[in-house]
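Here is the structure we will look at, set down as structure tokens.
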Amino acid sequence: MILEKWDTLRERVDGRLNVLLESLNVPSERLYTAMQYVLLSPGKRMRPVLIYLTGKALGIPLQQLDNIACAVECMHAYSLIHDDLPAMDDDDLRRGKPSCHRAFDEATAILAGDALQALAFQQTLQAPLLSAEQKNNMAILLSLSCGAEGMVSGQSMDLLYLENDTFSLKLLEQIHSLKTGVLFETCIRVAIVAAPNAPEALTINLNAFAKYFGLAFQIQDDYLDAYGETKSLGKKQGSDEKQGKKTYVNLYAQEELNELIQTTYRQAKHRLTQSLPATQELIEFTQYLIQRNF
Ligand code: IPE
Ligand code: IPE
Ligand code: MG
Ligand code: MG
Ligand code: MG
């Protein structure tokens with residue numbers, strides 16, 4: 001998987017995640033090995049890249065965003081570990097490797113997820129270059145987007161409502177926004193917290209961009225689950241169907257769904273074109289993702 005010109009930002013967060021893990025004093029070696037296994041596995045690092053690119057658009061030094069970029073990746077990693085558990089999606093493959101509970105065991109996977117979630121807040125609150133108010137606001141954004149009002153409800157509704165035939169487009173949109181969209185929105189918002197003097201028009205456009213981007217990303221995830229390949233995805237193709245889970249794939253024919261993904265990404269990009277030239281790189285990044293097959 002190649003992310004071309006965004007590799008430097010991916011390497012940046014990878015470097016920080018390595019340093020973070022090395023700095024921890026974890027008495028349980030098994031737990032530590034599991035955290036390392038997941039956090040350093042080859043994910044796309046889209047969320048940290050989005051945080052950094054938003055920071056660039058807002059003209060703030062990237063060092064101010066290092067901790068929150070790690071925090072969001074820790075939060076995301078935890079959500080993937082739990083998402084793969086037998087009680088949830090029961091997936092054996094993640095990022096091209098056995099998922100955490102397969103490589104270790106279920107209890108270790110649950111605990112590694114717990115630990116990564118706590119670590120996300122620790123990272124946020126220990127950011128060295130931000131004011132107490134900024135760190136506080138970032139922690140609140142993170143907890144709102146990933147707790148019961150956000151991701152966790154999305155995951156719960158995903159499991160409860162997508163297995164029967166009464167699901168609707170409206171419900172699916174809500175679930176996608178909760179389980180995936182809100183964390184992407186948070187990536188934009190935390191960067192804005194670090195830039196208190198940013199022009200209002202720019203922040204409005206960035207927030208609107210994030211909404212469409214997150215939705216497009218999850219619709220595309222559904223598309224790739226059905227029409228992508230295990231090798232490039234690093235996770236098992238056809239998992240949703242195997243689980244009897246209804247997704248956008250059940251509502252649209254392949255070509256129509258492809259169109260919908262393109263249109264939703266275009267709507268995201270459109271918001272950014274209103275704030276050029278600051279948003280040029282974010283536009284290129286979005287354009288790049290439209291064609292992703294990974
Ligand atoms: C997968 O996220 C889960 C979703 C929320 C769609 P990513 O596609 O960003 O997964 P990684 O981090 O690259 O493995
Ligand atoms: C996962 O959605 C959303 C979260 C982990 C919060 P999916 O279940 O579709 O993600 P994949 O396809 O397993 O990566
Ligand atoms: Mg899931
Ligand atoms: Mg899943
Ligand atoms: Mg999926």
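Residue numbers start at 1 in each chain; chains themselves are named A, B, ... in the order of the structure tokens; ligands are numbered from 1 in the order shown.
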Item to check | Surrounding residues as a ChimeraX atom specification, ligand 5, max 8 Å, only C-alpha atoms and all ligand atoms | outcome: /A:218,221-222,224-225,239-240
Checklist entry - Using only C-alpha atoms and all ligand atoms, what are the residues with an atom within 8 Å of ligand 4, set out as a PyMOL selection string? => result chain A and resi 80+83-84+88-91+239-240
Write the selection just made, keeping N, CA and C atoms, as a CSV table (one decimal), in the first residue's frame?
chain,number,residue,atom,x,y,z
A,80,LEU,N,-10.6,-1.0,16.2
A,80,LEU,CA,-10.4,-2.1,15.3
A,80,LEU,C,-10.2,-3.4,16.0
A,83,ASP,N,-13.6,-4.3,17.2
A,83,ASP,CA,-14.5,-4.6,16.0
A,83,ASP,C,-14.3,-6.0,15.5
A,84,ASP,N,-13.1,-6.5,15.6
A,84,ASP,CA,-12.7,-7.8,15.0
A,84,ASP,C,-13.1,-9.0,15.9
A,88,MET,N,-18.2,-9.4,17.9
A,88,MET,CA,-18.6,-8.3,17.0
A,88,MET,C,-18.5,-8.8,15.6
A,89,ASP,N,-17.5,-8.4,14.8
A,89,ASP,CA,-17.5,-8.8,13.4
A,89,ASP,C,-16.8,-10.2,13.1
A,90,ASP,N,-16.2,-10.7,14.1
A,90,ASP,CA,-15.5,-12.0,14.0
A,90,ASP,C,-14.6,-12.1,12.8
A,91,ASP,N,-13.7,-11.2,12.7
A,91,ASP,CA,-12.7,-11.2,11.6
A,91,ASP,C,-11.3,-11.7,12.1
A,239,SER,N,-16.5,-10.0,4.1
A,239,SER,CA,-16.8,-10.2,5.6
A,239,SER,C,-18.3,-9.8,5.9
A,240,ASP,N,-18.7,-8.7,5.4
A,240,ASP,CA,-20.0,-8.2,5.7
A,240,ASP,C,-21.1,-9.2,5.3
Next on the checklist: If you run DSSP on the backbone here, which positions in region 62-280 of chain A get alpha helix (DSSP H)? Please write them as a PyMOL selection string.
Outcome noted: chain A and resi 66-84+100-103+106-125+132-146+151-161+169-176+182-193+200-227+230-233+239-242+254-273+280
Checklist entry - Skipping near chain neighbours, those fewer than 5 positions away, what residues fall within 12 Å of Leu160 (chain A) using only C-alpha atoms, listed as a PyMOL selection string? => result chain A and resi 87-89+153-155+165-167+171-172+175+244-246
Take the residues from that selection and put them in a file with C-alpha atoms, as a short mmCIF file (atom, residue, chain, number, x, y, z; two decimals), in the first residue's frame.
data_model
loop_
_atom_site.label_atom_id
_atom_site.label_comp_id
_atom_site.auth_asym_id
_atom_site.auth_seq_id
_atom_site.Cartn_x
_atom_site.Cartn_y
_atom_site.Cartn_z
CA ALA A 87 -18.66 -11.08 19.59
CA MET A 88 -18.56 -8.29 17.01
CA ASP A 89 -17.50 -8.83 13.38
CA SER A 153 -23.36 3.77 19.73
CA GLY A 154 -22.59 3.41 16.04
CA GLN A 155 -20.95 0.05 16.71
CA ASP A 165 -34.22 -6.51 6.41
CA THR A 166 -35.95 -3.52 7.94
CA PHE A 167 -32.86 -1.32 7.70
CA LEU A 171 -30.45 4.34 9.44
CA LEU A 172 -27.36 3.20 7.56
CA ILE A 175 -24.71 4.32 11.78
CA GLY A 244 -25.24 -11.31 7.07
CA LYS A 245 -24.61 -7.62 7.60
CA LYS A 246 -26.52 -5.17 5.43
#
Next on the checklist: Give me, as JSON, numbers by chain, the set of residues whose atoms come within 7 Å of any atom of ligand 1, counting only C-alpha atoms and all ligand atoms.
Outcome noted: {"A": [42, 43, 44, 45, 46, 80, 94, 95, 179, 180, 217, 218, 221]}
Write the residues you've just listed into a file as a CSV table (one decimal), in the first residue's frame, and include N, CA and C atoms for each of them.
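Saved the output as out_39.csv:
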chain,number,residue,atom,x,y,z
A,42,PRO,N,0.8,-2.2,9.8
A,42,PRO,CA,0.7,-1.3,8.7
A,42,PRO,C,-0.7,-0.8,8.3
A,43,GLY,N,-1.2,0.1,9.1
A,43,GLY,CA,-2.5,0.8,8.8
A,43,GLY,C,-2.2,2.0,7.9
A,44,LYS,N,-3.3,2.5,7.3
A,44,LYS,CA,-3.1,3.6,6.4
A,44,LYS,C,-2.7,4.9,7.0
A,45,ARG,N,-3.0,5.0,8.3
A,45,ARG,CA,-2.8,6.3,9.1
A,45,ARG,C,-3.5,7.5,8.5
A,46,MET,N,-4.7,7.2,8.0
A,46,MET,CA,-5.5,8.3,7.4
A,46,MET,C,-5.8,9.4,8.3
A,80,LEU,N,-10.6,-1.0,16.2
A,80,LEU,CA,-10.4,-2.1,15.3
A,80,LEU,C,-10.2,-3.4,16.0
A,94,ARG,N,-6.5,-8.7,9.8
A,94,ARG,CA,-6.5,-7.2,9.9
A,94,ARG,C,-5.1,-6.7,9.5
A,95,ARG,N,-5.1,-5.8,8.6
A,95,ARG,CA,-3.8,-5.2,8.1
A,95,ARG,C,-2.9,-6.3,7.6
A,179,LYS,N,-20.3,5.5,13.7
A,179,LYS,CA,-19.2,4.6,13.9
A,179,LYS,C,-17.9,5.0,13.3
A,180,THR,N,-17.9,5.8,12.2
A,180,THR,CA,-16.7,6.2,11.5
A,180,THR,C,-16.6,7.7,11.3
A,217,PHE,N,-15.9,7.8,3.1
A,217,PHE,CA,-14.9,6.8,3.5
A,217,PHE,C,-15.5,5.5,3.9
A,218,GLN,N,-16.6,5.6,4.7
A,218,GLN,CA,-17.2,4.3,5.2
A,218,GLN,C,-18.1,3.7,4.1
A,221,ASP,N,-15.6,1.8,2.3
A,221,ASP,CA,-15.2,0.6,3.0
A,221,ASP,C,-16.2,-0.5,2.8
Item to check | Length of the CA of Asn197 (chain A) to CA of Leu130 (chain A) vector [Å] | outcome: 14.2 Å
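If only C-alpha atoms are the atoms counted, then among A:Leu50, A:Cys74, A:Ala194, A:Leu169 the closest residue to Asp114 (chain A) is A:Cys74.
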Checklist entry - With only C-alpha atoms and all ligand atoms as the basis for distance, which of A:Ala191, A:Leu178, A:Ala103, A:Leu251 is at the shortest distance from ligand 3? => result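 Selected residue with least distance to ligand 3: A:Leu178.
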